[in-house]
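With mmCIF, C-alpha atoms inside, this is protein.cif:
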data_input
#
loop_
_atom_site.label_atom_id
_atom_site.label_comp_id
_atom_site.auth_asym_id
_atom_site.auth_seq_id
_atom_site.Cartn_x
_atom_site.Cartn_y
_atom_site.Cartn_z
CA MET H 1 84.09 95.95 135.66
CA SER H 2 82.29 95.44 138.92
CA PHE H 3 81.25 92.07 140.29
CA ASN H 4 77.66 92.70 139.21
CA SER H 5 78.86 92.07 135.69
CA PHE H 6 79.58 88.42 136.54
CA LYS H 7 75.89 87.90 137.07
CA ARG H 8 75.39 88.89 133.49
CA ALA H 9 78.52 87.81 131.63
CA LEU H 10 81.75 85.90 132.02
CA TRP H 11 84.53 86.71 129.61
CA ALA H 12 87.12 84.04 128.95
CA TYR H 13 90.48 84.17 127.21
CA HIS H 14 91.71 80.94 125.63
CA ILE H 15 95.41 80.12 125.41
CA ASN H 16 96.93 77.01 123.84
CA THR H 17 100.26 76.04 125.39
CA GLY H 18 101.05 73.18 123.00
CA SER H 19 97.80 71.28 122.71
CA CYS H 20 97.03 68.97 119.78
CA ASN H 21 94.01 71.24 119.12
CA GLY H 22 91.51 68.61 120.22
CA CYS H 23 90.55 70.53 123.38
CA ASP H 24 90.58 73.82 121.47
CA ILE H 25 88.05 72.44 119.00
CA GLU H 26 85.85 71.33 121.89
CA ILE H 27 86.05 74.80 123.40
CA LEU H 28 84.93 76.23 120.08
CA ALA H 29 82.16 73.61 120.00
CA THR H 30 80.67 75.18 123.13
CA LEU H 31 80.11 78.32 121.06
CA THR H 32 78.25 76.51 118.29
CA PRO H 33 74.43 76.65 118.09
CA ARG H 34 74.15 73.20 119.70
CA TYR H 35 75.59 74.44 123.03
CA ASP H 36 75.64 78.21 122.52
CA VAL H 37 77.26 79.37 125.77
CA GLU H 38 76.97 82.96 124.64
CA ARG H 39 73.31 82.85 125.65
CA PHE H 40 74.63 82.69 129.26
CA GLY H 41 76.95 85.62 128.61
CA ILE H 42 80.07 83.46 128.33
CA VAL H 43 82.20 85.00 125.63
CA LEU H 44 85.67 84.28 124.30
CA VAL H 45 87.61 87.54 124.18
CA GLY H 46 90.72 88.43 122.22
CA SER H 47 92.81 89.83 125.05
CA PRO H 48 93.55 88.63 128.60
CA ARG H 49 93.18 92.22 129.73
CA HIS H 50 89.44 91.91 129.08
CA ALA H 51 89.04 88.46 130.63
CA ASP H 52 87.71 87.15 133.92
CA VAL H 53 88.75 83.57 133.28
CA LEU H 54 91.74 81.98 131.57
CA LEU H 55 91.00 78.79 129.62
CA VAL H 56 94.28 76.92 129.22
CA THR H 57 94.88 73.86 127.05
CA GLY H 58 98.06 71.90 126.35
CA PRO H 59 100.90 70.44 128.40
CA VAL H 60 102.98 73.69 128.38
CA ALA H 61 105.86 73.45 125.95
CA ARG H 62 109.11 75.01 127.17
CA GLN H 63 108.78 78.03 124.88
CA MET H 64 105.25 78.67 126.10
CA ALA H 65 105.97 78.83 129.84
CA PRO H 66 107.07 82.51 130.00
CA ARG H 67 104.25 83.47 127.62
CA LEU H 68 101.70 81.68 129.80
CA LYS H 69 103.01 83.47 132.90
CA ARG H 70 102.83 86.81 131.11
CA VAL H 71 99.28 86.23 129.87
CA TYR H 72 98.20 85.16 133.36
CA ALA H 73 99.76 88.30 134.81
CA GLN H 74 97.82 90.43 132.33
CA VAL H 75 94.41 89.20 133.48
CA PRO H 76 92.94 91.69 135.97
CA GLY H 77 91.78 90.29 139.29
CA PRO H 78 89.76 88.56 140.52
CA LYS H 79 90.70 85.91 137.99
CA LEU H 80 90.43 82.17 137.68
CA VAL H 81 92.21 79.57 135.59
CA ILE H 82 90.46 76.58 134.03
CA VAL H 83 92.59 73.79 132.63
CA VAL H 84 90.84 71.97 129.80
CA GLY H 85 92.10 68.48 128.93
CA ASN H 86 94.34 65.79 130.33
CA CYS H 87 97.49 67.30 128.82
CA GLY H 88 97.23 70.41 130.95
CA ILE H 89 96.38 68.41 134.04
CA GLU H 90 99.10 65.77 134.00
CA GLY H 91 100.83 65.86 130.61
CA GLY H 92 98.56 63.39 128.85
CA VAL H 93 100.17 61.40 126.07
CA PHE H 94 103.08 63.86 126.02
CA TYR H 95 103.98 63.50 129.70
CA GLU H 96 107.48 62.12 129.11
CA SER H 97 108.47 64.64 126.48
CA TYR H 98 111.79 66.43 126.97
CA ASN H 99 110.19 69.62 125.74
CA LEU H 100 107.56 70.04 128.45
CA VAL H 101 107.73 72.10 131.63
CA GLY H 102 104.09 71.53 132.63
CA PRO H 103 101.59 70.53 133.77
CA ILE H 104 99.93 73.89 133.99
CA ASP H 105 99.56 74.02 137.77
CA GLN H 106 103.35 74.03 138.04
CA ILE H 107 103.47 77.27 136.05
CA ILE H 108 100.40 79.21 137.23
CA PRO H 109 97.76 78.57 139.93
CA VAL H 110 94.81 76.54 138.65
CA ASP H 111 91.27 76.69 140.05
CA VAL H 112 89.24 74.27 137.95
CA TYR H 113 90.33 71.08 136.20
CA VAL H 114 88.30 69.65 133.29
CA PRO H 115 89.72 66.21 132.48
CA GLY H 116 89.21 64.41 129.18
CA CYS H 117 91.02 63.76 125.93
CA PRO H 118 89.37 65.86 124.79
CA PRO H 119 86.65 66.71 127.32
CA ARG H 120 83.13 67.00 125.94
CA PRO H 121 81.62 70.47 125.61
CA GLU H 122 79.21 69.68 128.44
CA ALA H 123 82.19 69.07 130.76
CA ILE H 124 83.80 72.36 129.70
CA ILE H 125 80.54 74.22 130.34
CA GLU H 126 80.29 72.62 133.79
CA GLY H 127 83.88 73.65 134.52
CA VAL H 128 83.15 77.23 133.50
CA ALA H 129 80.01 77.24 135.67
CA LYS H 130 82.07 76.06 138.67
CA ALA H 131 84.63 78.76 137.96
CA TRP H 132 81.80 81.27 137.86
CA VAL H 133 80.71 80.24 141.36
CA LYS H 134 84.30 80.45 142.61
CA LEU H 135 84.64 83.91 141.10
CA GLU H 136 81.53 85.07 142.93
CA GLN H 137 82.95 83.68 146.18
CA ALA H 138 86.32 85.32 145.49
CA GLU H 139 84.64 88.64 144.85
CA ARG H 140 82.58 88.40 148.04
CA GLN H 141 85.75 87.70 150.00
CA GLY H 142 87.50 90.61 148.29
CA VAL H 143 90.23 88.48 146.72
CA ALA H 144 92.06 90.39 144.00
CA MET N 145 71.38 132.66 95.44
CA VAL N 146 73.53 130.24 97.39
CA SER N 147 72.48 129.95 101.03
CA LEU N 148 75.25 129.82 103.63
CA PRO N 149 75.48 126.81 105.92
CA PHE N 150 74.26 127.26 109.48
CA TRP N 151 77.00 128.13 111.94
CA ASN N 152 76.66 128.89 115.62
CA PRO N 153 79.70 128.62 117.90
CA ILE N 154 77.53 128.25 121.02
CA ILE N 155 75.94 125.08 119.63
CA CYS N 156 79.39 123.74 118.72
CA ILE N 157 80.65 124.36 122.25
CA ILE N 158 77.56 122.67 123.75
CA ALA N 159 78.05 119.68 121.42
CA LEU N 160 81.71 119.49 122.45
CA VAL N 161 80.80 119.58 126.15
CA ILE N 162 78.22 116.79 125.63
CA LEU N 163 80.82 114.73 123.74
CA ILE N 164 83.37 115.16 126.55
CA ALA N 165 80.71 114.25 129.16
CA VAL N 166 79.78 111.05 127.27
CA THR N 167 83.47 110.15 126.92
CA CYS N 168 84.03 110.66 130.65
CA LEU N 169 80.93 108.54 131.38
CA PHE N 170 82.29 105.67 129.26
CA ARG N 171 85.69 105.94 130.94
CA SER N 172 84.17 105.92 134.42
CA ARG N 173 82.32 102.66 133.59
CA GLY N 174 85.57 100.89 132.67
CA GLN N 175 87.71 98.38 134.53
CA LYS N 176 89.02 99.92 137.74
CA LYS N 177 90.81 96.92 139.18
CA TYR N 178 93.91 97.15 137.05
CA LYS N 179 97.07 97.37 139.08
CA GLU N 180 99.22 100.18 137.81
CA GLY N 181 102.82 99.38 137.01
CA THR N 182 102.16 95.65 136.52
CA ALA N 183 101.71 93.50 133.42
CA GLN N 184 97.99 94.32 133.60
CA THR N 185 98.63 97.76 132.17
CA GLN N 186 101.08 96.62 129.50
CA ILE N 187 100.03 96.13 125.91
CA PHE N 188 99.06 92.58 124.92
CA LEU N 189 101.24 91.02 122.22
CA SER N 190 100.03 87.40 122.34
CA GLY N 191 102.11 86.77 125.41
CA GLU N 192 105.30 88.24 123.97
CA GLU N 193 107.23 90.75 126.02
CA PRO N 194 106.29 94.24 124.81
CA PRO N 195 109.22 96.25 123.48
CA ALA N 196 110.42 99.43 125.17
CA VAL N 197 108.32 102.50 124.41
CA GLU N 198 111.11 104.11 122.41
CA GLN N 199 111.25 101.04 120.18
CA ILE N 200 107.54 101.17 119.36
CA HIS N 201 107.33 103.34 116.29
CA ILE N 202 104.74 103.23 113.56
CA LYS N 203 106.05 105.09 110.56
CA SER N 204 103.70 107.55 108.93
CA HIS N 205 104.42 105.68 105.70
CA ASN N 206 102.30 102.80 107.06
CA ILE N 207 99.26 105.05 107.38
CA TYR N 208 99.37 105.74 103.66
CA TRP N 209 99.74 102.10 102.65
CA GLY N 210 96.50 102.03 100.61
CA PHE N 211 97.37 105.32 98.96
CA PHE N 212 100.75 104.02 97.84
CA GLN N 213 99.22 100.70 96.77
CA ILE N 214 96.77 102.41 94.44
CA LEU N 215 99.46 104.66 92.95
CA LYS N 216 102.04 101.89 92.74
CA ARG N 217 102.32 102.09 88.96
CA TYR N 218 103.33 105.72 89.32
CA TYR N 219 105.52 105.40 92.41
CA ASP N 220 107.58 102.36 91.42
CA PRO N 221 109.26 104.01 88.39
CA SER N 222 109.67 107.22 90.39
CA VAL N 223 111.37 105.39 93.25
CA ARG N 224 113.66 103.57 90.81
CA ALA N 225 114.59 106.90 89.20
CA HIS N 226 115.66 108.31 92.58
CA THR N 227 118.90 106.40 92.84
CA GLY N 228 120.65 108.84 95.15
CA ILE N 229 123.61 109.05 92.75
CA ILE N 230 124.43 112.64 91.79
CA ASN N 231 125.58 111.63 88.29
CA ASP N 232 122.10 110.27 87.53
CA TYR N 233 120.46 113.48 88.67
CA ILE N 234 122.84 115.58 86.53
CA ILE N 235 122.02 113.40 83.52
CA TRP N 236 118.30 113.93 84.20
CA PHE N 237 118.92 117.68 84.51
CA ILE N 238 120.91 117.91 81.25
CA ALA N 239 118.37 115.77 79.42
CA LEU N 240 115.47 117.93 80.61
CA VAL N 241 117.33 121.16 79.74
CA ALA N 242 118.09 119.77 76.27
CA LEU N 243 114.46 118.70 75.78
CA THR N 244 113.18 122.09 76.94
CA THR N 245 115.59 123.86 74.59
CA VAL N 246 114.44 121.79 71.63
CA ILE N 247 110.78 122.43 72.47
CA LEU N 248 111.38 126.19 72.83
CA PHE N 249 113.38 126.25 69.59
CA ILE N 250 110.58 124.47 67.69
CA ALA N 251 108.01 126.76 69.27
CA SER N 252 110.01 129.85 68.16
CA LEU N 253 109.96 128.64 64.55
CA THR N 254 106.18 128.36 64.38
#
Starting from the file, give its structure as structure tokens.
Amino acid sequence: MSFNSFKRALWAYHINTGSCNGCDIEILATLTPRYDVERFGIVLVGSPRHADVLLVTGPVARQMAPRLKRVYAQVPGPKLVIVVGNCGIEGGVFYESYNLVGPIDQIIPVDVYVPGCPPRPEAIIEGVAKAWVKLEQAERQGVA
Amino acid sequence: MVSLPFWNPIICIIALVILIAVTCLFRSRGQKKYKEGTAQTQIFLSGEEPPAVEQIHIKSHNIYWGFFQILKRYYDPSVRAHTGIINDYIIWFIALVALTTVILFIASLT
């Protein structure tokens, strides 16, 4: 897929690393008729190998860390990571748990943070739009 | 009179060439930025580590799942009958020979 495709569509893969599902429901809410991000060409895909952007939720449970790394490695470049929700940013209400190895930016590089518990769909859409701009910049600079 | 279906090998070859050309066109439009030999070319198993190639094996039995499901009422007794014990097979053989003999004997009387 060439960079020209980003001007038409942005494909995102969503991975939950131990979230309470609140952020995941908000991500799904962006696909509902009220927000309908698919009209901009933003689509959730079923495989990281087809994705341009990784949407990550959750504070990264210990068992999820290697899986998260593997999924990140499977996204072809140029790629960006968007963290959705407080848990992925700084642990949220789970921050003292013995079972966490997060937050996410300690496991994989993160480009956009969308805070909130859970963040509203508008905030998620804004985060994706910012990631889109960063992707265009990355492509112009030839970053793989 | 039954008319034969139309058959022309030249047209078949042309259709095949067009099909190959379209396939190559689709392939050329695909993602080119994959890095060979990395995780990007491995199969995706929800983040799980993919098993070694020699451990990935789909049995042909799985392909016929629907077929076996429909004929389950026939296959289940047949599978139960195939115990793998030679004594059972000999009993089946003797019983069938006896049954055949009786049938032939009755048939010879009529």
Review point. For this file, the PyMOL selection byres ((chain N) within 10 of (chain H)) selects which residues, as a PyMOL selection string?
Key: chain N and resi 173-179+182-193
How would the residues just picked look written out with C-alpha atoms as a short mmCIF file (atom, residue, chain, number, x, y, z; two decimals), in the coordinates of the input?
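Written out: part.cif:
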data_model
loop_
_atom_site.label_atom_id
_atom_site.label_comp_id
_atom_site.auth_asym_id
_atom_site.auth_seq_id
_atom_site.Cartn_x
_atom_site.Cartn_y
_atom_site.Cartn_z
CA ARG N 173 82.32 102.66 133.59
CA GLY N 174 85.57 100.89 132.67
CA GLN N 175 87.71 98.38 134.53
CA LYS N 176 89.02 99.92 137.74
CA LYS N 177 90.81 96.92 139.18
CA TYR N 178 93.91 97.15 137.05
CA LYS N 179 97.07 97.37 139.08
CA THR N 182 102.16 95.65 136.52
CA ALA N 183 101.71 93.50 133.42
CA GLN N 184 97.99 94.32 133.60
CA THR N 185 98.63 97.76 132.17
CA GLN N 186 101.08 96.62 129.50
CA ILE N 187 100.03 96.13 125.91
CA PHE N 188 99.06 92.58 124.92
CA LEU N 189 101.24 91.02 122.22
CA SER N 190 100.03 87.40 122.34
CA GLY N 191 102.11 86.77 125.41
CA GLU N 192 105.30 88.24 123.97
CA GLU N 193 107.23 90.75 126.02
#
Exercise for review: Please evaluate the PyMOL selection byres ((chain H and resi 104) around 12) against the structure above and give the resulting residues as a count of residues only.
Suggested key: 46
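All residues of protein, DNA or RNA that reach within 7 Å of Gly22 in chain H, judged by all atoms listed in the file and not counting those fewer than 3 positions away in the chain, are Ile25, Glu26 and Pro118 of chain H.
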Point to revise | Exercise: residues within 12 Å of coordinate (71.9, 86.3, 127.2), counting all atoms listed in the file, as JSON, numbers by chain | key: {"H": [7, 8, 9, 10, 36, 37, 38, 39, 40, 41, 42, 43]}
Exercise for review: Tell me which of H:Leu80, H:Ala123, H:Ile27, H:Cys117 sits closest to Ala138 in chain H, counting only C-alpha atoms.
Suggested key: H:Leu80
Practice item. Go through H:Gln137, H:Pro33, H:Ala129, H:Pro119 and flag the residue nearest Asn21 in chain H, using all atoms listed in the file for the distances. Key: H:Pro119
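The two atoms in question, CA of Thr245 in chain N and CA of Thr227 in chain N, are spaced 25.5 Å apart.
The coordinates place CA of Ala51 in chain H at 12.9 Å from CA of Ala131 in chain H.
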Quick one: 3 Å padding each side, axis-aligned, all listed atoms of range 114-125 of chain H - centre and edge lengths in Å to one decimal, as lines of an AutoDock Vina configuration file?
center_x = 85.1
center_y = 69.0
center_z = 129.0
size_x = 17.8
size_y = 16.5
size_z = 14.5
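Computed from the coordinates, the CA of Tyr98 in chain H to CA of Cys20 in chain H distance equals 16.6 Å.
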Point to revise | Test item: residues at most 12 Å from Trp236 in chain N, only C-alpha atoms, excluding those fewer than 6 positions along its chain, as a list in words | key: Ala225, His226, Thr227, Ile229, Ile230, Ala242 and Leu243 of chain N
Residues picked by the PyMOL selection byres ((chain H and resi 52) around 6) here, as a PDB file with C-alpha atoms, keeping the file's coordinate frame?
ATOM      1  CA  TRP H  11      84.530  86.710 129.610  1.00  0.00           C
ATOM      2  CA  ALA H  12      87.120  84.040 128.950  1.00  0.00           C
ATOM      3  CA  ALA H  51      89.040  88.460 130.630  1.00  0.00           C
ATOM      4  CA  VAL H  53      88.750  83.570 133.280  1.00  0.00           C
ATOM      5  CA  LYS H  79      90.700  85.910 137.990  1.00  0.00           C
TER       6      LYS H  79
END
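Between Val128 in chain H and the residues H:Gln141, H:Asp24, H:Val114, H:His14, the shortest atom-to-atom distance, using all atoms listed in the file, involves H:Val114.
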For range 178-198 of chain N, supply N, CA and C atoms and format the output as a PDB file, in the coordinates of the input.
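part-v8.pdb, written as the output of this step:
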ATOM      1  N   TYR N 178      92.567  97.320 137.551  1.00  0.00           N
ATOM      2  CA  TYR N 178      93.910  97.150 137.050  1.00  0.00           C
ATOM      3  C   TYR N 178      94.912  97.653 138.063  1.00  0.00           C
ATOM      4  N   LYS N 179      96.014  96.918 138.179  1.00  0.00           N
ATOM      5  CA  LYS N 179      97.070  97.370 139.080  1.00  0.00           C
ATOM      6  C   LYS N 179      98.106  98.104 138.245  1.00  0.00           C
ATOM      7  N   GLU N 180      98.276  99.356 138.562  1.00  0.00           N
ATOM      8  CA  GLU N 180      99.220 100.180 137.810  1.00  0.00           C
ATOM      9  C   GLU N 180     100.643  99.674 137.998  1.00  0.00           C
ATOM     10  N   GLY N 181     101.418  99.764 136.931  1.00  0.00           N
ATOM     11  CA  GLY N 181     102.820  99.380 137.010  1.00  0.00           C
ATOM     12  C   GLY N 181     103.051  97.883 136.924  1.00  0.00           C
ATOM     13  N   THR N 182     101.999  97.097 136.692  1.00  0.00           N
ATOM     14  CA  THR N 182     102.160  95.650 136.520  1.00  0.00           C
ATOM     15  C   THR N 182     101.906  95.284 135.061  1.00  0.00           C
ATOM     16  N   ALA N 183     101.962  93.972 134.791  1.00  0.00           N
ATOM     17  CA  ALA N 183     101.710  93.500 133.420  1.00  0.00           C
ATOM     18  C   ALA N 183     100.284  93.809 132.975  1.00  0.00           C
ATOM     19  N   GLN N 184      99.396  94.070 133.950  1.00  0.00           N
ATOM     20  CA  GLN N 184      97.990  94.320 133.600  1.00  0.00           C
ATOM     21  C   GLN N 184      97.801  95.613 132.826  1.00  0.00           C
ATOM     22  N   THR N 185      98.759  96.503 132.923  1.00  0.00           N
ATOM     23  CA  THR N 185      98.630  97.760 132.170  1.00  0.00           C
ATOM     24  C   THR N 185      99.549  97.776 130.955  1.00  0.00           C
ATOM     25  N   GLN N 186     100.233  96.678 130.701  1.00  0.00           N
ATOM     26  CA  GLN N 186     101.080  96.620 129.500  1.00  0.00           C
ATOM     27  C   GLN N 186     100.241  96.213 128.297  1.00  0.00           C
ATOM     28  N   ILE N 187     100.738  96.526 127.122  1.00  0.00           N
ATOM     29  CA  ILE N 187     100.030  96.130 125.910  1.00  0.00           C
ATOM     30  C   ILE N 187     100.115  94.617 125.751  1.00  0.00           C
ATOM     31  N   PHE N 188      99.115  94.031 125.101  1.00  0.00           N
ATOM     32  CA  PHE N 188      99.060  92.580 124.920  1.00  0.00           C
ATOM     33  C   PHE N 188      99.586  92.234 123.539  1.00  0.00           C
ATOM     34  N   LEU N 189     100.652  91.447 123.490  1.00  0.00           N
ATOM     35  CA  LEU N 189     101.240  91.020 122.220  1.00  0.00           C
ATOM     36  C   LEU N 189     101.266  89.498 122.156  1.00  0.00           C
ATOM     37  N   SER N 190     100.136  88.867 122.386  1.00  0.00           N
ATOM     38  CA  SER N 190     100.030  87.400 122.340  1.00  0.00           C
ATOM     39  C   SER N 190     101.003  86.743 123.295  1.00  0.00           C
ATOM     40  N   GLY N 191     101.238  87.358 124.416  1.00  0.00           N
ATOM     41  CA  GLY N 191     102.110  86.770 125.410  1.00  0.00           C
ATOM     42  C   GLY N 191     103.575  87.142 125.250  1.00  0.00           C
ATOM     43  N   GLU N 192     103.920  87.810 124.161  1.00  0.00           N
ATOM     44  CA  GLU N 192     105.300  88.240 123.970  1.00  0.00           C
ATOM     45  C   GLU N 192     105.588  89.446 124.869  1.00  0.00           C
ATOM     46  N   GLU N 193     106.855  89.609 125.203  1.00  0.00           N
ATOM     47  CA  GLU N 193     107.230  90.750 126.020  1.00  0.00           C
ATOM     48  C   GLU N 193     107.132  92.028 125.190  1.00  0.00           C
ATOM     49  N   PRO N 194     106.389  93.019 125.637  1.00  0.00           N
ATOM     50  CA  PRO N 194     106.290  94.240 124.810  1.00  0.00           C
ATOM     51  C   PRO N 194     107.617  94.968 124.756  1.00  0.00           C
ATOM     52  N   PRO N 195     107.964  95.517 123.598  1.00  0.00           N
ATOM     53  CA  PRO N 195     109.220  96.250 123.480  1.00  0.00           C
ATOM     54  C   PRO N 195     109.171  97.559 124.260  1.00  0.00           C
ATOM     55  N   ALA N 196     110.357  98.147 124.468  1.00  0.00           N
ATOM     56  CA  ALA N 196     110.420  99.430 125.170  1.00  0.00           C
ATOM     57  C   ALA N 196     109.669 100.486 124.360  1.00  0.00           C
ATOM     58  N   VAL N 197     109.165 101.499 125.069  1.00  0.00           N
ATOM     59  CA  VAL N 197     108.320 102.500 124.410  1.00  0.00           C
ATOM     60  C   VAL N 197     109.059 103.167 123.250  1.00  0.00           C
ATOM     61  N   GLU N 198     110.374 103.425 123.465  1.00  0.00           N
ATOM     62  CA  GLU N 198     111.110 104.110 122.410  1.00  0.00           C
ATOM     63  C   GLU N 198     111.331 103.240 121.176  1.00  0.00           C
TER      64      GLU N 198
END
